[in-house]
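Heads up, the thing below is written out as structure tokens.
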Amino acid sequence: MLLMTLSIRNQLPGTVTTVTPGEVMATVGVRLTGGQSLTAAITRDAVTELGLTPGSSVRALVKSTEVAVATGPVEGLSIRNRIPGTVTGIVTGGAMASVGLSVDGGELTAVITKDAVDDLALTTGSRAVALIKSTEISLATA
Amino acid sequence: MLLMTLSIRNQLPGTVTTVTPGEVMATVGVRLTGGQSLTAAITRDAVTELGLTPGSSVRALVKSTEVAVATGPVEGLSIRNRIPGTVTGIVTGGAMASVGLSVDGGELTAVITKDAVDDLALTTGSRAVALIKSTEISLATA
Amino acid sequence: MLLMTLSIRNQLPGTVTTVTPGEVMATVGVRLTGGQSLTAAITRDAVTELGLTPGSSVRALVKSTEVAVATGPVEGLSIRNRIPGTVTGIVTGGAMASVGLSVDGGELTAVITKDAVDDLALTTGSRAVALIKSTEISLATA
């Protein structure tokens with residue numbers, strides 16, 4: 001079972017909706033079971049080898065260090081993936097902090113700088129949006 | 001010469017202003033020669049081995065796929081690094097696009113999805129802000 | 001000498017085996033001196049400027065925060081690069097942990113959340129596989 005053996009904290013189940021292949025890279029649209037839409041930019045080779053087509057069941061994988069957090073408006077931003085949620089907890093180290101987010105259909109962890117947590121005044125219960133660049137999303141088949 | 005031997009497109013020269021060590025990671029403040037401030041989250045081991053202290057000359061390195069672009073307001077965002085500039089050119093592929101930005105003191109390249117370029121209506125001459133998560137910045141000493 | 005001046009902890013020497021260019025990105029196959037195969041997704045411009053062709057000597061560079069760790073099977077995963085090894089040491093901070101891995105032909109460092117270390121029950125001597133997304137690998141010529 002994937003969840004148990006992988007250090008990647010963020011694993012969101014969903015279904016492939018679109019596959020747009022370029023020569024080298026491809027963008028894959030995914031509808032999460034929580035209802036959100038994601039775009040993953042992975043290699044075209046990976047699409048082929050995993051046999052990804054609309055309807056494929058996948059899990060979107062994102063390393064915690066790749067998740068940013070916004071508390072304000074996010075219009076006009078190239079970052080495709082924006083998952084709203086609520087802060088469930090914050091663990092602070094000397095330089096970095098780990099922020100837990102409850103989102104529709106699951107949980108996310110974002111590792112951001114301690115300074116960012118302070119500047120955004122994030123606390124348990126804060127509303128926040130997880131931002132993830134498409135190139136940071138990997139996909140796993142069930 | 002670093003520029004000639006490294007695939008990393010974005011290499012911005014500057015000077016270390018602060019070093020904040022945690023147990024595992026450290027955040028390093030850098031003042032670019034263009035005047036902008038950056039924060040890099042690198043391992044504490046790297047800080048020690050490179051002998052980074054305030055005043056050290058460094059080059060901030062960022063892979064193009066790690067640079068996001070904003071055309072609107074970016075308040076309330078955990079992403080520490082925001083470098084304003086002007087789009088100098090766009091190369092579009094089947095899935096991805098490469099966006100050149102002229103910024104104070106240099107040039108940046110952002111690789112984002114083709115969809116993002118369309119949605120943001122980016123064209124040559126557009127004002128845009130390059131956004132870079134601290135964990136995506138590496139440092140090289142001269 | 002690159003190793004001494006760069007904050008990027010993971011620097012694996014190898015030889016280019018394939019170059020597949022798209023309009024914007026290119027995938028570059030690399031055979032490491034340890035025998036493993038890697039795929040790096042870098043900009044097409046970088047391939048041109050570095051003059052990368054099959055046979056080129058390169059160093060694959062990966063930031064520690066970009067390395068994930070798996071302890072079990074990793075079938076059905078879009079992440080192209082999987083380097084098996086053995087945990088040589090773990091340093092734990094407040095939020096993050098640094099995991100050293102001995103792999104054929106070298107060493108790797110993965111910075112993952114402390115929670116991931118606990119959940120995977122990683123300890124010195126554990127067998128583990130380093131996972132690296134192609135877009136997270138940079139290349140340097142000798």
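Within each chain, counting starts at residue 1; across the structure tokens, chains are named A, B, ... in the order shown, with ligands numbered 1 upward in that order.
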
Give me the residues within 7 Å of B:Val62 as a list of chain:residue names, counting only C-alpha atoms and dropping any in the same chain fewer than 5 places off.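 My reading of the contact set: B:Ile8, B:Asn10, B:Gln11, B:Glu136, B:Ile137, B:Ser138.
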
Neighbours of stretch 121-125 of chain B within 7 Å (only C-alpha atoms; same-chain residues fewer than 6 positions away dropped), as a PyMOL selection string? chain B and resi 86-89

Next, write the just-selected residues to a file, as a PDB file, in the first residue's frame, keeping N, CA, C and O atoms as the atom set.
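Final output, again-v7.pdb:
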ATOM      1  N   THR B  86       9.652  42.195 -16.534  1.00  0.00           N
ATOM      2  CA  THR B  86       8.887  42.363 -17.764  1.00  0.00           C
ATOM      3  C   THR B  86       9.160  41.170 -18.673  1.00  0.00           C
ATOM      4  O   THR B  86      10.306  40.749 -18.808  1.00  0.00           O
ATOM      5  N   VAL B  87       8.094  40.657 -19.279  1.00  0.00           N
ATOM      6  CA  VAL B  87       8.247  39.501 -20.167  1.00  0.00           C
ATOM      7  C   VAL B  87       9.006  39.925 -21.423  1.00  0.00           C
ATOM      8  O   VAL B  87       8.643  40.905 -22.086  1.00  0.00           O
ATOM      9  N   THR B  88      10.068  39.200 -21.726  1.00  0.00           N
ATOM     10  CA  THR B  88      10.885  39.518 -22.910  1.00  0.00           C
ATOM     11  C   THR B  88      10.622  38.568 -24.068  1.00  0.00           C
ATOM     12  O   THR B  88      10.973  38.861 -25.212  1.00  0.00           O
ATOM     13  N   GLY B  89       9.991  37.423 -23.772  1.00  0.00           N
ATOM     14  CA  GLY B  89       9.707  36.476 -24.844  1.00  0.00           C
ATOM     15  C   GLY B  89       9.085  35.221 -24.290  1.00  0.00           C
ATOM     16  O   GLY B  89       9.252  34.910 -23.105  1.00  0.00           O
TER      17      GLY B  89
END

So which bits of stretch 36-118 of chain B end up strand (DSSP E or B) when you DSSP the backbone, as a PyMOL selection string? chain B and resi 37-43+57-62+68-70+77+81-92+96-103+106-113

Can you move chain B onto chain A by a least-squares fit over all C-alpha atoms paired in order, then give me the moved copy as a JSON list (two decimals) with C-alpha atoms, in the first residue's frame?
[["chain", "number", "residue", "atom", "x", "y", "z"],
["B", 1, "MET", "CA", -0.10, 0.00, 0.04],
["B", 2, "LEU", "CA", 1.43, 3.19, -1.23],
["B", 3, "LEU", "CA", 0.72, 5.36, 1.81],
["B", 4, "MET", "CA", 2.78, 3.18, 4.09],
["B", 5, "THR", "CA", 5.96, 2.98, 2.04],
["B", 6, "LEU", "CA", 6.48, 6.44, 0.63],
["B", 7, "SER", "CA", 7.96, 9.52, 2.31],
["B", 8, "ILE", "CA", 5.74, 11.77, 0.18],
["B", 9, "ARG", "CA", 3.17, 13.14, 2.66],
["B", 10, "ASN", "CA", 0.58, 14.35, 0.22],
["B", 11, "GLN", "CA", -1.28, 11.63, -1.66],
["B", 12, "LEU", "CA", -4.65, 12.63, -3.05],
["B", 13, "PRO", "CA", -6.82, 10.08, -4.89],
["B", 14, "GLY", "CA", -8.61, 11.05, -8.09],
["B", 15, "THR", "CA", -9.41, 10.26, -11.70],
["B", 16, "VAL", "CA", -7.65, 11.42, -14.84],
["B", 17, "THR", "CA", -9.83, 13.78, -16.89],
["B", 18, "THR", "CA", -7.47, 14.94, -19.65],
["B", 19, "VAL", "CA", -4.07, 14.14, -21.09],
["B", 20, "THR", "CA", -2.31, 16.78, -23.21],
["B", 21, "PRO", "CA", 0.95, 15.42, -24.59],
["B", 22, "GLY", "CA", 3.83, 17.62, -25.73],
["B", 23, "GLU", "CA", 7.01, 16.21, -27.20],
["B", 24, "VAL", "CA", 8.79, 15.84, -23.84],
["B", 25, "MET", "CA", 6.28, 16.70, -21.14],
["B", 26, "ALA", "CA", 2.56, 16.12, -20.82],
["B", 27, "THR", "CA", -0.06, 17.82, -18.70],
["B", 28, "VAL", "CA", -2.55, 15.52, -17.03],
["B", 29, "GLY", "CA", -5.80, 16.82, -15.58],
["B", 30, "VAL", "CA", -7.02, 15.03, -12.47],
["B", 31, "ARG", "CA", -10.34, 15.34, -10.65],
["B", 32, "LEU", "CA", -9.77, 14.57, -6.98],
["B", 33, "THR", "CA", -12.31, 12.59, -4.98],
["B", 34, "GLY", "CA", -12.67, 15.74, -2.87],
["B", 35, "GLY", "CA", -13.96, 17.50, -5.98],
["B", 36, "GLN", "CA", -10.93, 19.71, -6.71],
["B", 37, "SER", "CA", -9.18, 19.76, -10.08],
["B", 38, "LEU", "CA", -5.42, 19.38, -10.43],
["B", 39, "THR", "CA", -2.97, 19.62, -13.30],
["B", 40, "ALA", "CA", 0.20, 17.54, -13.21],
["B", 41, "ALA", "CA", 3.11, 18.12, -15.59],
["B", 42, "ILE", "CA", 4.93, 14.83, -15.96],
["B", 43, "THR", "CA", 7.08, 13.33, -18.70],
["B", 44, "ARG", "CA", 5.34, 12.00, -21.78],
["B", 45, "ASP", "CA", 7.20, 8.73, -21.18],
["B", 46, "ALA", "CA", 5.52, 8.39, -17.80],
["B", 47, "VAL", "CA", 2.08, 8.90, -19.35],
["B", 48, "THR", "CA", 2.80, 6.12, -21.82],
["B", 49, "GLU", "CA", 4.28, 3.69, -19.31],
["B", 50, "LEU", "CA", 1.49, 4.18, -16.79],
["B", 51, "GLY", "CA", -1.08, 3.97, -19.58],
["B", 52, "LEU", "CA", -2.80, 7.14, -18.36],
["B", 53, "THR", "CA", -6.01, 8.01, -20.18],
["B", 54, "PRO", "CA", -9.19, 9.81, -19.12],
["B", 55, "GLY", "CA", -10.83, 7.61, -16.50],
["B", 56, "SER", "CA", -7.60, 6.19, -15.04],
["B", 57, "SER", "CA", -7.58, 6.02, -11.26],
["B", 58, "VAL", "CA", -4.54, 7.77, -9.88],
["B", 59, "ARG", "CA", -3.08, 9.24, -6.77],
["B", 60, "ALA", "CA", -1.57, 12.73, -7.00],
["B", 61, "LEU", "CA", 1.68, 12.86, -5.03],
["B", 62, "VAL", "CA", 3.28, 16.07, -3.79],
["B", 63, "LYS", "CA", 6.27, 16.48, -1.52],
["B", 64, "SER", "CA", 5.50, 18.74, 1.48],
["B", 65, "THR", "CA", 8.35, 21.10, 0.60],
["B", 66, "GLU", "CA", 6.61, 21.79, -2.74],
["B", 67, "VAL", "CA", 3.37, 23.08, -1.23],
["B", 68, "ALA", "CA", 3.02, 26.84, -0.75],
["B", 69, "VAL", "CA", 0.26, 28.50, 1.24],
["B", 70, "ALA", "CA", -1.83, 31.60, 0.49],
["B", 71, "THR", "CA", -4.18, 33.43, 2.81],
["B", 72, "GLY", "CA", -5.11, 36.11, 0.31],
["B", 73, "PRO", "CA", -6.32, 36.36, -3.27],
["B", 74, "VAL", "CA", -4.49, 34.31, -5.85],
["B", 75, "GLU", "CA", -5.67, 35.77, -9.14],
["B", 76, "GLY", "CA", -3.21, 36.19, -11.95],
["B", 77, "LEU", "CA", -0.97, 33.38, -10.83],
["B", 78, "SER", "CA", 0.65, 30.76, -13.07],
["B", 79, "ILE", "CA", 0.39, 28.12, -10.34],
["B", 80, "ARG", "CA", -2.40, 25.87, -11.57],
["B", 81, "ASN", "CA", -3.25, 24.01, -8.44],
["B", 82, "ARG", "CA", -5.07, 25.71, -5.56],
["B", 83, "ILE", "CA", -6.72, 23.64, -2.88],
["B", 84, "PRO", "CA", -8.58, 25.55, -0.18],
["B", 85, "GLY", "CA", -8.58, 24.27, 3.35],
["B", 86, "THR", "CA", -8.20, 24.99, 7.05],
["B", 87, "VAL", "CA", -5.03, 24.86, 9.11],
["B", 88, "THR", "CA", -5.19, 21.92, 11.53],
["B", 89, "GLY", "CA", -1.80, 22.35, 13.17],
["B", 90, "ILE", "CA", 1.65, 23.87, 12.87],
["B", 91, "VAL", "CA", 4.98, 22.43, 13.97],
["B", 92, "THR", "CA", 7.81, 24.94, 14.09],
["B", 93, "GLY", "CA", 11.52, 24.26, 13.89],
["B", 94, "GLY", "CA", 14.52, 26.55, 13.83],
["B", 95, "ALA", "CA", 14.21, 27.46, 10.16],
["B", 96, "MET", "CA", 11.19, 25.63, 8.75],
["B", 97, "ALA", "CA", 7.62, 24.92, 9.79],
["B", 98, "SER", "CA", 5.19, 22.17, 8.87],
["B", 99, "VAL", "CA", 1.60, 23.27, 8.32],
["B", 100, "GLY", "CA", -1.22, 20.71, 8.32],
["B", 101, "LEU", "CA", -4.27, 21.53, 6.21],
["B", 102, "SER", "CA", -7.64, 19.86, 6.13],
["B", 103, "VAL", "CA", -9.04, 19.97, 2.61],
["B", 104, "ASP", "CA", -12.09, 18.46, 1.00],
["B", 105, "GLY", "CA", -11.43, 14.77, 0.73],
["B", 106, "GLY", "CA", -8.19, 14.65, 2.68],
["B", 107, "GLU", "CA", -5.24, 16.25, 4.39],
["B", 108, "LEU", "CA", -2.24, 18.16, 3.12],
["B", 109, "THR", "CA", 1.08, 19.08, 4.68],
["B", 110, "ALA", "CA", 3.06, 22.15, 3.58],
["B", 111, "VAL", "CA", 6.62, 22.78, 4.72],
["B", 112, "ILE", "CA", 7.31, 26.50, 4.50],
["B", 113, "THR", "CA", 9.74, 28.83, 6.24],
["B", 114, "LYS", "CA", 9.08, 29.78, 9.84],
["B", 115, "ASP", "CA", 9.17, 33.40, 8.67],
["B", 116, "ALA", "CA", 6.29, 32.75, 6.28],
["B", 117, "VAL", "CA", 4.17, 31.30, 9.09],
["B", 118, "ASP", "CA", 4.83, 34.42, 11.15],
["B", 119, "ASP", "CA", 4.19, 36.85, 8.30],
["B", 120, "LEU", "CA", 0.93, 35.16, 7.32],
["B", 121, "ALA", "CA", -0.07, 34.88, 11.00],
["B", 122, "LEU", "CA", -1.09, 31.27, 10.38],
["B", 123, "THR", "CA", -2.68, 29.51, 13.33],
["B", 124, "THR", "CA", -4.87, 26.50, 13.83],
["B", 125, "GLY", "CA", -8.22, 27.29, 12.28],
["B", 126, "SER", "CA", -6.88, 29.77, 9.70],
["B", 127, "ARG", "CA", -8.39, 29.48, 6.24],
["B", 128, "ALA", "CA", -5.64, 28.95, 3.68],
["B", 129, "VAL", "CA", -5.14, 27.81, 0.11],
["B", 130, "ALA", "CA", -2.50, 25.23, -0.77],
["B", 131, "LEU", "CA", -0.67, 26.17, -3.96],
["B", 132, "ILE", "CA", 1.20, 23.56, -5.98],
["B", 133, "LYS", "CA", 3.08, 24.09, -9.25],
["B", 134, "SER", "CA", 2.10, 21.51, -11.89],
["B", 135, "THR", "CA", 5.70, 20.38, -12.29],
["B", 136, "GLU", "CA", 5.71, 19.33, -8.62],
["B", 137, "ILE", "CA", 2.91, 16.81, -8.91],
["B", 138, "SER", "CA", 3.67, 13.16, -9.58],
["B", 139, "LEU", "CA", 1.06, 10.52, -10.31],
["B", 140, "ALA", "CA", 0.75, 6.93, -9.16],
["B", 141, "THR", "CA", -1.69, 4.40, -10.51],
["B", 142, "ALA", "CA", -3.63, 2.42, -7.96]]

I need the residues of stretch 7-128 of chain C that end up classed as helix (DSSP H, G or I) by DSSP on the backbone, written out as a list in words.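 In stretch 7-128 of chain C, DSSP puts these residues in helix (DSSP H, G or I): Arg44, Asp45, Ala46, Val47, Thr48, Glu49, Leu50, Ser64, Thr65, Glu66, Lys114, Asp115, Ala116, Val117, Asp118, Asp119 and Leu120 of chain C.
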
Write the residues of the selection above to a file with N, CA, C and O atoms, as a PDB file, in the first residue's frame.
ATOM      1  N   ARG C  44      15.397  23.024 -23.176  1.00  0.00           N
ATOM      2  CA  ARG C  44      16.094  22.745 -24.424  1.00  0.00           C
ATOM      3  C   ARG C  44      17.276  23.703 -24.612  1.00  0.00           C
ATOM      4  O   ARG C  44      18.322  23.320 -25.124  1.00  0.00           O
ATOM      5  N   ASP C  45      17.082  24.947 -24.168  1.00  0.00           N
ATOM      6  CA  ASP C  45      18.181  25.921 -24.222  1.00  0.00           C
ATOM      7  C   ASP C  45      19.415  25.429 -23.473  1.00  0.00           C
ATOM      8  O   ASP C  45      20.548  25.626 -23.916  1.00  0.00           O
ATOM      9  N   ALA C  46      19.180  24.822 -22.317  1.00  0.00           N
ATOM     10  CA  ALA C  46      20.312  24.345 -21.521  1.00  0.00           C
ATOM     11  C   ALA C  46      21.056  23.239 -22.256  1.00  0.00           C
ATOM     12  O   ALA C  46      22.288  23.183 -22.238  1.00  0.00           O
ATOM     13  N   VAL C  47      20.293  22.352 -22.911  1.00  0.00           N
ATOM     14  CA  VAL C  47      20.936  21.277 -23.679  1.00  0.00           C
ATOM     15  C   VAL C  47      21.848  21.865 -24.748  1.00  0.00           C
ATOM     16  O   VAL C  47      22.992  21.432 -24.936  1.00  0.00           O
ATOM     17  N   THR C  48      21.325  22.881 -25.431  1.00  0.00           N
ATOM     18  CA  THR C  48      22.104  23.511 -26.502  1.00  0.00           C
ATOM     19  C   THR C  48      23.344  24.203 -25.952  1.00  0.00           C
ATOM     20  O   THR C  48      24.468  23.996 -26.449  1.00  0.00           O
ATOM     21  N   GLU C  49      23.156  24.991 -24.915  1.00  0.00           N
ATOM     22  CA  GLU C  49      24.277  25.771 -24.395  1.00  0.00           C
ATOM     23  C   GLU C  49      25.370  24.903 -23.764  1.00  0.00           C
ATOM     24  O   GLU C  49      26.545  25.227 -23.828  1.00  0.00           O
ATOM     25  N   LEU C  50      24.948  23.806 -23.136  1.00  0.00           N
ATOM     26  CA  LEU C  50      25.942  22.903 -22.545  1.00  0.00           C
ATOM     27  C   LEU C  50      26.503  21.948 -23.595  1.00  0.00           C
ATOM     28  O   LEU C  50      27.462  21.230 -23.324  1.00  0.00           O
ATOM     29  N   SER C  64      18.495  18.415  -1.890  1.00  0.00           N
ATOM     30  CA  SER C  64      18.054  17.403  -0.910  1.00  0.00           C
ATOM     31  C   SER C  64      16.550  17.437  -0.685  1.00  0.00           C
ATOM     32  O   SER C  64      15.924  16.397  -0.472  1.00  0.00           O
ATOM     33  N   THR C  65      15.976  18.635  -0.730  1.00  0.00           N
ATOM     34  CA  THR C  65      14.535  18.751  -0.485  1.00  0.00           C
ATOM     35  C   THR C  65      13.699  18.162  -1.619  1.00  0.00           C
ATOM     36  O   THR C  65      12.479  18.050  -1.497  1.00  0.00           O
ATOM     37  N   GLU C  66      14.345  17.796  -2.723  1.00  0.00           N
ATOM     38  CA  GLU C  66      13.632  17.230  -3.877  1.00  0.00           C
ATOM     39  C   GLU C  66      13.681  15.713  -3.901  1.00  0.00           C
ATOM     40  O   GLU C  66      13.139  15.093  -4.816  1.00  0.00           O
ATOM     41  N   LYS C 114       9.890  15.086   9.397  1.00  0.00           N
ATOM     42  CA  LYS C 114      10.152  14.229  10.561  1.00  0.00           C
ATOM     43  C   LYS C 114       9.056  13.170  10.668  1.00  0.00           C
ATOM     44  O   LYS C 114       9.323  12.012  10.993  1.00  0.00           O
ATOM     45  N   ASP C 115       7.827  13.581  10.359  1.00  0.00           N
ATOM     46  CA  ASP C 115       6.709  12.636  10.403  1.00  0.00           C
ATOM     47  C   ASP C 115       6.913  11.473   9.440  1.00  0.00           C
ATOM     48  O   ASP C 115       6.567  10.327   9.755  1.00  0.00           O
ATOM     49  N   ALA C 116       7.476  11.775   8.275  1.00  0.00           N
ATOM     50  CA  ALA C 116       7.700  10.715   7.297  1.00  0.00           C
ATOM     51  C   ALA C 116       8.727   9.714   7.809  1.00  0.00           C
ATOM     52  O   ALA C 116       8.587   8.497   7.622  1.00  0.00           O
ATOM     53  N   VAL C 117       9.776  10.226   8.456  1.00  0.00           N
ATOM     54  CA  VAL C 117      10.789   9.331   9.035  1.00  0.00           C
ATOM     55  C   VAL C 117      10.139   8.400  10.048  1.00  0.00           C
ATOM     56  O   VAL C 117      10.394   7.186  10.057  1.00  0.00           O
ATOM     57  N   ASP C 118       9.276   8.962  10.887  1.00  0.00           N
ATOM     58  CA  ASP C 118       8.602   8.149  11.903  1.00  0.00           C
ATOM     59  C   ASP C 118       7.674   7.122  11.259  1.00  0.00           C
ATOM     60  O   ASP C 118       7.699   5.948  11.607  1.00  0.00           O
ATOM     61  N   ASP C 119       6.867   7.583  10.304  1.00  0.00           N
ATOM     62  CA  ASP C 119       5.881   6.688   9.693  1.00  0.00           C
ATOM     63  C   ASP C 119       6.550   5.541   8.934  1.00  0.00           C
ATOM     64  O   ASP C 119       6.027   4.427   8.899  1.00  0.00           O
ATOM     65  N   LEU C 120       7.682   5.839   8.303  1.00  0.00           N
ATOM     66  CA  LEU C 120       8.383   4.798   7.546  1.00  0.00           C
ATOM     67  C   LEU C 120       9.303   3.969   8.457  1.00  0.00           C
ATOM     68  O   LEU C 120       9.909   3.012   8.013  1.00  0.00           O
TER      69      LEU C 120
END
